[in-house]
$ cat entry.cif   # mmCIF, C-alpha atoms
data_my_file
loop_
_atom_site.label_atom_id
_atom_site.label_comp_id
_atom_site.auth_asym_id
_atom_site.auth_seq_id
_atom_site.Cartn_x
_atom_site.Cartn_y
_atom_site.Cartn_z
CA MET W 1 52.96 -43.24 82.23
CA THR W 2 50.58 -40.93 80.49
CA GLY W 3 51.53 -38.80 77.55
CA LEU W 4 50.13 -37.38 74.37
CA ARG W 5 50.77 -38.57 70.81
CA TYR W 6 52.70 -36.25 68.54
CA VAL W 7 52.29 -37.17 64.85
CA TYR W 8 55.09 -36.25 62.42
CA ALA W 9 53.95 -37.72 59.17
CA VAL W 10 51.78 -40.24 57.38
CA CYS W 11 53.44 -42.64 54.94
CA ARG W 12 52.82 -45.81 53.06
CA PRO W 13 54.38 -48.83 54.80
CA PHE W 14 58.14 -48.95 54.31
CA ARG W 15 60.63 -51.77 54.73
CA SER W 16 63.84 -50.08 55.79
CA ALA W 17 64.37 -49.43 59.46
CA LEU W 18 64.75 -45.90 60.74
CA GLN W 19 68.10 -44.97 62.27
CA ALA W 20 68.36 -46.63 65.66
CA GLN W 21 69.53 -43.43 67.34
CA LEU W 22 66.70 -41.32 66.00
CA THR W 23 64.87 -39.27 68.61
CA GLY W 24 61.92 -37.01 68.06
CA VAL W 25 60.26 -34.14 69.85
CA ALA W 26 60.74 -34.40 73.63
CA GLY W 27 63.61 -36.86 73.12
CA THR W 28 61.61 -40.05 72.66
CA PRO W 29 62.17 -42.28 69.63
CA PRO W 30 59.38 -42.25 67.06
CA LYS W 31 57.38 -45.40 66.39
CA GLN W 32 55.08 -46.53 63.63
CA LEU W 33 51.36 -46.88 64.05
CA THR W 34 49.82 -48.78 61.15
CA HIS W 35 46.13 -48.41 60.39
CA HIS W 36 44.18 -49.25 57.21
CA GLY W 37 47.40 -49.75 55.29
CA LEU W 38 48.87 -46.35 56.16
CA VAL W 39 51.56 -45.62 58.72
CA ALA W 40 51.50 -42.71 61.16
CA VAL W 41 54.88 -41.90 62.64
CA VAL W 42 54.30 -40.83 66.23
CA SER W 43 56.08 -40.28 69.51
CA THR W 44 54.94 -39.71 73.06
CA VAL W 45 55.20 -36.18 74.39
CA PRO W 46 54.53 -34.84 77.89
CA GLU W 47 51.17 -33.23 78.59
CA GLY W 48 52.88 -30.31 80.26
CA ASP W 49 54.14 -28.88 76.98
CA PHE W 50 51.56 -30.07 74.49
CA THR W 51 48.08 -29.30 75.72
CA GLU W 52 46.43 -26.61 73.67
CA GLU W 53 47.02 -23.89 76.20
CA ALA W 54 50.66 -24.84 76.75
CA LEU W 55 51.25 -25.03 72.99
CA ARG W 56 50.00 -21.53 72.38
CA ALA W 57 52.57 -20.16 74.78
CA ARG W 58 55.31 -22.54 73.67
CA LEU W 59 54.97 -21.69 69.99
CA GLU W 60 55.90 -18.12 70.80
CA ASP W 61 58.99 -19.18 72.68
CA LEU W 62 61.86 -19.03 70.20
CA ASP W 63 64.08 -21.55 71.97
CA TRP W 64 61.30 -24.07 72.36
CA LEU W 65 60.13 -23.56 68.79
CA THR W 66 63.69 -24.03 67.50
CA VAL W 67 64.27 -27.27 69.38
CA THR W 68 60.85 -28.63 68.44
CA ALA W 69 61.10 -27.66 64.78
CA ARG W 70 64.56 -29.22 64.52
CA ALA W 71 63.42 -32.43 66.17
CA HIS W 72 60.40 -32.59 63.87
CA GLN W 73 62.60 -31.97 60.85
CA GLN W 74 65.05 -34.66 61.97
CA VAL W 75 62.30 -37.28 61.99
CA ILE W 76 60.93 -36.13 58.62
CA ASP W 77 64.47 -36.19 57.25
CA ALA W 78 65.03 -39.75 58.43
CA LEU W 79 61.73 -40.77 56.84
CA THR W 80 62.70 -39.05 53.60
CA ALA W 81 65.72 -41.35 53.41
CA VAL W 82 63.51 -44.46 53.33
CA THR W 83 60.16 -43.37 51.89
CA THR W 84 58.15 -40.34 50.77
CA PRO W 85 56.56 -38.98 53.93
CA LEU W 86 53.55 -36.69 54.01
CA PRO W 87 54.60 -34.26 56.74
CA LEU W 88 51.93 -33.00 59.10
CA ARG W 89 51.80 -29.48 60.47
CA LEU W 90 54.18 -28.85 63.36
CA ALA W 91 52.67 -29.78 66.73
CA THR W 92 49.81 -32.03 65.63
CA VAL W 93 48.90 -33.77 68.87
CA PHE W 94 46.40 -36.41 69.99
CA ARG W 95 45.38 -37.79 73.37
CA ASP W 96 46.19 -41.41 72.52
CA ASP W 97 46.71 -43.94 69.73
CA SER W 98 43.01 -44.36 69.14
CA GLY W 99 42.74 -40.62 68.47
CA VAL W 100 45.45 -40.99 65.84
CA ARG W 101 43.62 -43.95 64.27
CA SER W 102 40.34 -42.04 64.07
CA MET W 103 42.11 -39.18 62.35
CA MET W 104 43.73 -41.56 59.85
CA GLU W 105 40.38 -43.07 59.04
CA ALA W 106 38.74 -39.69 58.61
CA ARG W 107 41.48 -38.40 56.29
CA GLU W 108 42.38 -41.67 54.57
CA ASP W 109 41.33 -40.62 51.06
CA ASP W 110 43.10 -37.25 51.27
CA PHE W 111 46.27 -38.88 52.51
CA ARG W 112 46.32 -41.46 49.73
CA ARG W 113 45.70 -38.84 47.08
CA VAL W 114 48.46 -36.53 48.31
CA LEU W 115 50.88 -39.43 48.89
CA ASP W 116 50.32 -40.50 45.29
CA ARG W 117 51.03 -36.99 44.08
CA LEU W 118 54.23 -36.67 46.15
CA GLU W 119 55.60 -40.18 45.66
CA GLY W 120 59.28 -39.98 44.70
CA ARG W 121 59.33 -36.18 44.81
CA VAL W 122 61.39 -33.80 46.91
CA GLU W 123 61.27 -30.08 47.52
CA TRP W 124 64.11 -27.67 46.65
CA GLY W 125 64.30 -24.13 47.99
CA VAL W 126 65.72 -21.29 45.93
CA LYS W 127 66.36 -17.78 47.23
CA VAL W 128 67.59 -14.73 45.35
CA TYR W 129 69.21 -11.77 47.13
CA ALA W 130 70.03 -8.28 45.92
CA ASP W 131 73.22 -7.08 47.55
CA LYS W 132 72.78 -4.09 49.81
CA GLU W 133 76.18 -2.63 49.01
CA PRO W 134 76.70 -1.53 45.41
CA ALA W 135 79.92 -2.79 43.87
CA ALA W 136 82.91 -0.76 45.02
CA GLY W 137 83.70 2.17 42.77
CA ALA W 138 80.32 2.00 41.04
CA ASP W 139 79.81 5.73 41.26
CA ALA W 140 83.38 6.97 41.58
CA ALA W 141 83.53 7.74 37.87
CA GLY W 142 80.45 9.92 37.87
CA PRO W 143 80.80 13.57 36.96
CA GLY W 144 81.68 15.75 39.89
CA ALA W 145 82.63 12.84 42.05
CA ALA W 146 84.64 13.98 45.02
CA GLU W 147 88.26 12.95 44.87
CA PRO W 148 88.93 10.76 47.83
CA GLY W 149 91.70 11.80 50.18
CA ARG W 150 91.84 15.37 48.85
CA PRO W 151 89.23 17.46 50.57
CA GLU W 152 88.93 20.80 48.81
CA PRO W 153 89.47 23.76 50.99
CA GLY W 154 86.11 25.23 51.91
CA ALA W 155 84.18 22.14 50.77
CA VAL W 156 80.88 21.54 52.50
CA PRO W 157 81.15 18.00 53.90
CA GLY W 158 77.44 17.78 54.53
CA ARG W 159 76.59 18.40 50.88
CA ASP W 160 79.12 15.85 49.63
CA HIS W 161 77.78 13.37 52.08
CA LEU W 162 74.24 13.92 50.85
CA ARG W 163 75.29 13.56 47.24
CA MET W 164 77.10 10.33 48.05
CA ARG W 165 74.07 9.01 49.92
CA ARG W 166 71.79 9.78 46.98
CA SER W 167 74.11 8.08 44.57
CA GLN W 168 74.32 5.00 46.79
CA THR W 169 70.55 4.89 47.08
CA ARG W 170 70.25 4.99 43.29
CA ALA W 171 72.82 2.22 42.90
CA ARG W 172 70.99 0.06 45.45
CA GLU W 173 67.67 0.67 43.76
CA ASP W 174 69.25 -0.34 40.45
CA VAL W 175 70.58 -3.59 41.90
CA ARG W 176 67.20 -4.30 43.46
CA GLN W 177 65.38 -3.81 40.14
CA ARG W 178 67.82 -5.99 38.27
CA ALA W 179 67.56 -8.63 40.99
CA THR W 180 63.77 -8.61 40.79
CA ALA W 181 63.83 -9.04 37.02
CA PHE W 182 66.43 -11.78 37.36
CA ALA W 183 64.34 -13.51 40.04
CA ASP W 184 61.18 -13.40 37.91
CA ALA W 185 63.00 -14.97 34.97
CA LEU W 186 64.65 -17.61 37.16
CA HIS W 187 61.35 -18.48 38.83
CA ALA W 188 59.68 -18.88 35.44
CA ARG W 189 62.43 -21.19 34.22
CA LEU W 190 62.51 -23.31 37.38
CA SER W 191 58.71 -23.51 37.53
CA ALA W 192 58.67 -24.81 33.96
CA PHE W 193 61.13 -27.54 34.96
CA ALA W 194 59.49 -28.44 38.29
CA GLU W 195 56.15 -30.18 38.71
CA ASP W 196 54.88 -27.51 41.06
CA ALA W 197 56.10 -24.34 42.72
CA ARG W 198 55.26 -22.23 45.75
CA THR W 199 56.46 -18.79 46.65
CA HIS W 200 57.15 -18.08 50.31
CA ALA W 201 57.26 -14.60 51.76
CA PRO W 202 60.70 -12.99 51.48
CA GLN W 203 62.82 -13.70 54.53
CA ASN W 204 63.37 -11.05 57.12
CA PRO W 205 67.11 -10.22 57.29
CA ALA W 206 66.78 -9.82 61.06
CA LEU W 207 65.96 -13.53 61.21
CA SER W 208 68.13 -14.91 58.43
CA GLY W 209 71.21 -12.84 59.17
CA ALA W 210 71.69 -12.74 55.40
CA THR W 211 73.21 -9.71 53.79
CA GLY W 212 71.20 -8.27 50.98
CA GLN W 213 67.50 -8.09 50.29
CA ASN W 214 65.62 -11.32 49.70
CA VAL W 215 63.67 -10.83 46.47
CA LEU W 216 62.70 -14.46 45.79
CA ASN W 217 62.02 -17.27 48.26
CA SER W 218 60.47 -20.21 46.45
CA ALA W 219 60.00 -23.94 46.72
CA TYR W 220 59.94 -26.36 43.80
CA LEU W 221 58.56 -29.90 43.69
CA VAL W 222 60.95 -32.08 41.71
CA PRO W 223 61.13 -35.85 41.12
CA ARG W 224 64.18 -37.31 42.87
CA THR W 225 65.35 -38.70 39.57
CA GLU W 226 65.47 -35.17 38.11
CA SER W 227 66.99 -33.51 41.15
CA GLU W 228 70.51 -33.49 39.83
CA GLU W 229 69.35 -31.82 36.66
CA PHE W 230 67.40 -29.25 38.67
CA VAL W 231 70.45 -28.42 40.78
CA GLU W 232 72.56 -28.04 37.65
CA LEU W 233 69.95 -25.74 36.18
CA VAL W 234 70.09 -23.50 39.26
CA ASP W 235 73.87 -23.64 39.16
CA ARG W 236 74.01 -22.51 35.54
CA GLU W 237 71.58 -19.66 36.10
CA LYS W 238 73.25 -18.23 39.12
CA ASP W 239 76.57 -17.34 37.55
CA ASP W 240 77.97 -13.93 36.70
CA VAL W 241 75.32 -11.53 37.80
CA PRO W 242 77.03 -8.87 39.88
CA GLY W 243 75.15 -7.78 42.97
CA ILE W 244 72.80 -10.77 42.85
CA ARG W 245 73.15 -13.96 44.88
CA VAL W 246 71.28 -17.25 44.49
CA GLU W 247 70.97 -19.81 47.29
CA LEU W 248 69.75 -23.38 46.99
CA THR W 249 68.49 -25.48 49.93
CA GLY W 250 67.32 -29.07 50.02
CA PRO W 251 66.33 -31.65 49.29
CA TRP W 252 63.42 -31.18 51.68
CA ALA W 253 60.42 -33.38 52.25
CA ALA W 254 57.57 -31.78 50.33
CA TYR W 255 56.46 -29.50 53.18
CA SER W 256 55.25 -26.77 50.88
CA PHE W 257 53.20 -29.10 48.67
CA THR W 258 50.95 -30.97 51.06
CA GLY W 259 47.87 -28.96 50.16
CA GLU W 260 45.95 -29.13 46.93
CA SER W 261 48.13 -28.16 44.00
CA ALA W 262 47.75 -24.55 42.92
CA GLY W 263 46.15 -25.41 39.60
CA GLU W 264 43.53 -27.71 41.05
CA PRO W 265 40.23 -26.21 42.01
CA GLU W 266 38.93 -27.14 45.45
CA VAL W 267 36.56 -30.05 45.13
CA GLY W 268 33.42 -29.52 47.14
CA PRO W 269 31.72 -32.35 49.03
CA MET L 1 79.06 -32.81 40.31
CA THR L 2 78.45 -33.46 43.99
CA VAL L 3 75.08 -32.07 44.62
CA VAL L 4 73.48 -33.04 47.83
CA GLU L 5 76.04 -32.29 50.49
CA ARG L 6 73.74 -31.55 53.42
CA ARG L 7 74.65 -28.76 55.75
CA GLU L 8 72.97 -27.72 58.93
CA VAL L 9 69.55 -26.43 57.95
CA ALA L 10 69.17 -22.74 58.70
CA LEU L 11 66.45 -22.05 61.22
CA VAL L 12 64.90 -19.41 59.01
CA ASP L 13 64.54 -21.91 56.13
CA LEU L 14 63.04 -24.40 58.53
CA LEU L 15 60.55 -21.82 59.71
CA ASP L 16 59.46 -21.11 56.14
CA ARG L 17 58.25 -24.68 56.07
CA LEU L 18 57.55 -26.02 59.51
CA PRO L 19 55.04 -23.84 61.24
CA ALA L 20 53.00 -23.30 58.09
CA GLY L 21 53.79 -26.30 55.88
CA GLY L 22 52.56 -29.83 56.21
CA VAL L 23 49.03 -31.18 56.25
CA VAL L 24 46.73 -29.53 58.73
CA VAL L 25 44.97 -32.20 60.71
CA THR L 26 42.69 -31.40 63.56
CA GLY L 27 44.03 -33.40 66.46
CA ASP L 28 42.27 -33.82 69.79
CA ILE L 29 44.61 -31.25 71.23
CA THR L 30 45.35 -29.10 68.25
CA LEU L 31 41.73 -28.76 67.19
CA ARG L 32 41.77 -25.00 67.59
CA ILE L 33 45.53 -24.48 67.21
CA ALA L 34 45.21 -25.56 63.59
CA ASP L 35 42.89 -22.64 62.92
CA VAL L 36 45.41 -20.15 64.14
CA ASP L 37 47.75 -18.43 61.76
CA LEU L 38 50.84 -19.96 63.26
CA VAL L 39 53.17 -18.08 60.97
CA ARG L 40 51.99 -14.76 62.25
CA ILE L 41 52.34 -15.76 65.85
CA ASP L 42 55.74 -17.29 65.35
CA LEU L 43 57.23 -14.51 63.32
CA ASN L 44 56.05 -11.81 65.68
CA ALA L 45 57.57 -13.75 68.51
CA LEU L 46 60.72 -14.39 66.58
CA ILE L 47 61.27 -10.86 65.42
CA SER L 48 60.78 -9.40 68.86
CA SER L 49 62.98 -12.09 70.29
CA VAL L 50 65.73 -11.51 67.74
CA ASN L 51 65.51 -7.78 68.19
CA GLU L 52 65.99 -8.19 71.91
CA GLN L 53 69.13 -10.19 71.29
CA VAL L 54 70.50 -7.89 68.61
CA PRO L 55 69.49 -4.33 69.43
CA SER L 56 69.45 -1.97 66.50
CA PRO L 57 72.55 0.23 66.41
CA ARG L 58 70.27 3.23 66.34
CA ASP L 59 68.67 2.31 69.63
CA ASP L 60 69.74 4.36 72.54
CA PRO L 61 71.41 1.88 74.91
CA THR L 62 69.79 3.17 78.06
#

$ encode --input "entry.cif" --output "structure tokens"
Amino acid sequence: MTGLRYVYAVCRPFRSALQAQLTGVAGTPPKQLTHHGLVAVVSTVPEGDFTEEALRARLEDLDWLTVTARAHQQVIDALTAVTTPLPLRLATVFRDDSGVRSMMEAREDDFRRVLDRLEGRVEWGVKVYADKEPAAGADAAGPGAAEPGRPEPGAVPGRDHLRMRRSQTRAREDVRQRATAFADALHARLSAFAEDARTHAPQNPALSGATGQNVLNSAYLVPRTESEEFVELVDREKDDVPGIRVELTGPWAAYSFTGESAGEPEVGP
Amino acid sequence: MTVVERREVALVDLLDRLPAGGVVVTGDITLRIADVDLVRIDLNALISSVNEQVPSPRDDPT
């Protein structure tokens, strides 16, 4: 049977077995391909979905992308339990094993350098949201506030409505500004604790389904041994700020830190 | 404290990392795919797809 090779990650050799039930993209179990002392974790995928042309179309298909991304993540997650994997970009595909070996040879030095940098580290995600709805009653005490339930005779509903809208807009803007300041301070504190940090674009509420505006969406590289402390730090910071919500995700494999670190200049050939 | 209770990973968090994260390697097949800004493609597709599923309340349902 022919098929292409989908590569999930490159790791140093590891002893523990992967979960027996683990399946990867396209439902086939991943296997290890060892070359020059590094391990590529690969599985066979059908040509129909993974040639370049097919991939371009598939990557724009939400259902396909979801299933593929989850399968990819599941393999990376299983690897994270037994070693520190260097995840490859989603949908990295080769014709056959020898293509994978050539790639490993060509990138050997890069892989070793990044694997050294990531060894024993995980990634944590932190998001800050500004609530869309101002706290109830925030503007009820303002001068001239309309008394609820007692419409004045001859009142102009349109004008009251406009005034209320303006006041809500101001309250929202206020929450957003406080959330941004809070997020900046939090990011500075977490960055100082973490070994490295990356800021992702704010998430689109249409995709996340989250209420509130996403004002910070960052990833932090943290040694496993300091993860508990990092989580406690986030926990402490997130308390008692009305209108602001903090979300923590992880631990992730170091997806956001596989490139050169931000502080390092690119080294030319 | 119990810290690392894993829940189902939200797709949107996955998509922050998966299309654009990870080492870019030029495979035999993905030689030119790797050059493409996958995030842009994916998010455009996603947003239009999500919007189809959840029409804006302001849209006229004709």

$ residues_around --input "entry.cif" --residues "Thr68 of chain W" --least-positions-apart "6" --cutoff "12 Å" --atoms "only C-alpha atoms" --output "NGL selection string"
(:W and (6 or 8 or 23-27 or 45 or 49-50 or 55 or 58-62 or 74-75 or 90-92)) or (:L and (11 or 14-15 or 18-19))

$ atom_distance --input "entry.cif" --atom1 "atom CA of Ala171 of chain W" --atom2 "atom CA of Pro157 of chain W"
21.0 Å

$ interface_residues --input "entry.cif" --of "chain W" --to "chain L" --cutoff "8 Å" --atoms "only C-alpha atoms" --output "short mmCIF file (atom, residue, chain, number, x, y, z; two decimals) with C-alpha atoms, keeping the file's coordinate frame"
data_model
loop_
_atom_site.label_atom_id
_atom_site.label_comp_id
_atom_site.auth_asym_id
_atom_site.auth_seq_id
_atom_site.Cartn_x
_atom_site.Cartn_y
_atom_site.Cartn_z
CA PHE W 50 51.56 -30.07 74.49
CA THR W 51 48.08 -29.30 75.72
CA GLU W 52 46.43 -26.61 73.67
CA ARG W 56 50.00 -21.53 72.38
CA LEU W 59 54.97 -21.69 69.99
CA GLU W 60 55.90 -18.12 70.80
CA ASP W 61 58.99 -19.18 72.68
CA LEU W 62 61.86 -19.03 70.20
CA THR W 66 63.69 -24.03 67.50
CA ALA W 69 61.10 -27.66 64.78
CA ARG W 70 64.56 -29.22 64.52
CA GLN W 73 62.60 -31.97 60.85
CA LEU W 86 53.55 -36.69 54.01
CA PRO W 87 54.60 -34.26 56.74
CA LEU W 88 51.93 -33.00 59.10
CA ARG W 89 51.80 -29.48 60.47
CA LEU W 90 54.18 -28.85 63.36
CA ALA W 91 52.67 -29.78 66.73
CA THR W 92 49.81 -32.03 65.63
CA VAL W 93 48.90 -33.77 68.87
CA PHE W 94 46.40 -36.41 69.99
CA ARG W 95 45.38 -37.79 73.37
CA GLY W 99 42.74 -40.62 68.47
CA VAL W 100 45.45 -40.99 65.84
CA MET W 103 42.11 -39.18 62.35
CA HIS W 200 57.15 -18.08 50.31
CA GLN W 203 62.82 -13.70 54.53
CA ALA W 206 66.78 -9.82 61.06
CA LEU W 207 65.96 -13.53 61.21
CA SER W 208 68.13 -14.91 58.43
CA GLU W 228 70.51 -33.49 39.83
CA VAL W 231 70.45 -28.42 40.78
CA GLY W 250 67.32 -29.07 50.02
CA PRO W 251 66.33 -31.65 49.29
CA ALA W 254 57.57 -31.78 50.33
CA TYR W 255 56.46 -29.50 53.18
CA SER W 256 55.25 -26.77 50.88
CA PHE W 257 53.20 -29.10 48.67
CA THR W 258 50.95 -30.97 51.06
CA GLY W 259 47.87 -28.96 50.16
#

$ atom_distance --input "entry.cif" --atom1 "atom CA of Ala20 of chain W" --atom2 "atom CA of Ala81 of chain W"
13.6 Å

$ resolve_selection --input "entry.cif" --expression "the PyMOL selection byres ((chain W and resi 190) around 8)" --output "NGL selection string"
:W and (186-189 or 191-194 or 220 or 230 or 233-234)

$ write_last_selection --input "entry.cif" --atoms "C-alpha atoms" --output "PDB file, keeping the file's coordinate frame"
ATOM      1  CA  LEU W 186      64.650 -17.610  37.160  1.00  0.00           C
ATOM      2  CA  HIS W 187      61.350 -18.480  38.830  1.00  0.00           C
ATOM      3  CA  ALA W 188      59.680 -18.880  35.440  1.00  0.00           C
ATOM      4  CA  ARG W 189      62.430 -21.190  34.220  1.00  0.00           C
ATOM      5  CA  SER W 191      58.710 -23.510  37.530  1.00  0.00           C
ATOM      6  CA  ALA W 192      58.670 -24.810  33.960  1.00  0.00           C
ATOM      7  CA  PHE W 193      61.130 -27.540  34.960  1.00  0.00           C
ATOM      8  CA  ALA W 194      59.490 -28.440  38.290  1.00  0.00           C
ATOM      9  CA  TYR W 220      59.940 -26.360  43.800  1.00  0.00           C
ATOM     10  CA  PHE W 230      67.400 -29.250  38.670  1.00  0.00           C
ATOM     11  CA  LEU W 233      69.950 -25.740  36.180  1.00  0.00           C
ATOM     12  CA  VAL W 234      70.090 -23.500  39.260  1.00  0.00           C
TER      13      VAL W 234
END

$ residues_around --input "entry.cif" --residues "segment 173-181 of chain W" --least-positions-apart "5" --cutoff "8 Å" --atoms "all atoms listed in the file" --output "short mmCIF file (atom, residue, chain, number, x, y, z; two decimals) with C-alpha atoms, in the frame of the given file"
data_model
loop_
_atom_site.label_atom_id
_atom_site.label_comp_id
_atom_site.auth_asym_id
_atom_site.auth_seq_id
_atom_site.Cartn_x
_atom_site.Cartn_y
_atom_site.Cartn_z
CA VAL W 128 67.59 -14.73 45.35
CA TYR W 129 69.21 -11.77 47.13
CA ALA W 130 70.03 -8.28 45.92
CA ASP W 131 73.22 -7.08 47.55
CA PRO W 134 76.70 -1.53 45.41
CA GLN W 213 67.50 -8.09 50.29
CA VAL W 215 63.67 -10.83 46.47
CA LEU W 216 62.70 -14.46 45.79
CA GLY W 243 75.15 -7.78 42.97
CA ILE W 244 72.80 -10.77 42.85
#

$ atom_distance --input "entry.cif" --atom1 "atom CA of Leu221 of chain W" --atom2 "atom CA of Thr249 of chain W"
12.5 Å

$ resolve_selection --input "entry.cif" --expression "the PyMOL selection byres ((chain W and resi 112) around 12)" --output "list in words"
Val10, Cys11, Arg12, His36, Gly37, Leu38, Val39, Thr84, Pro85, Leu86, Met104, Glu105, Ala106, Arg107, Glu108, Asp109, Asp110, Phe111, Arg113, Val114, Leu115, Asp116, Arg117, Leu118, Glu119 and Thr258 of chain W
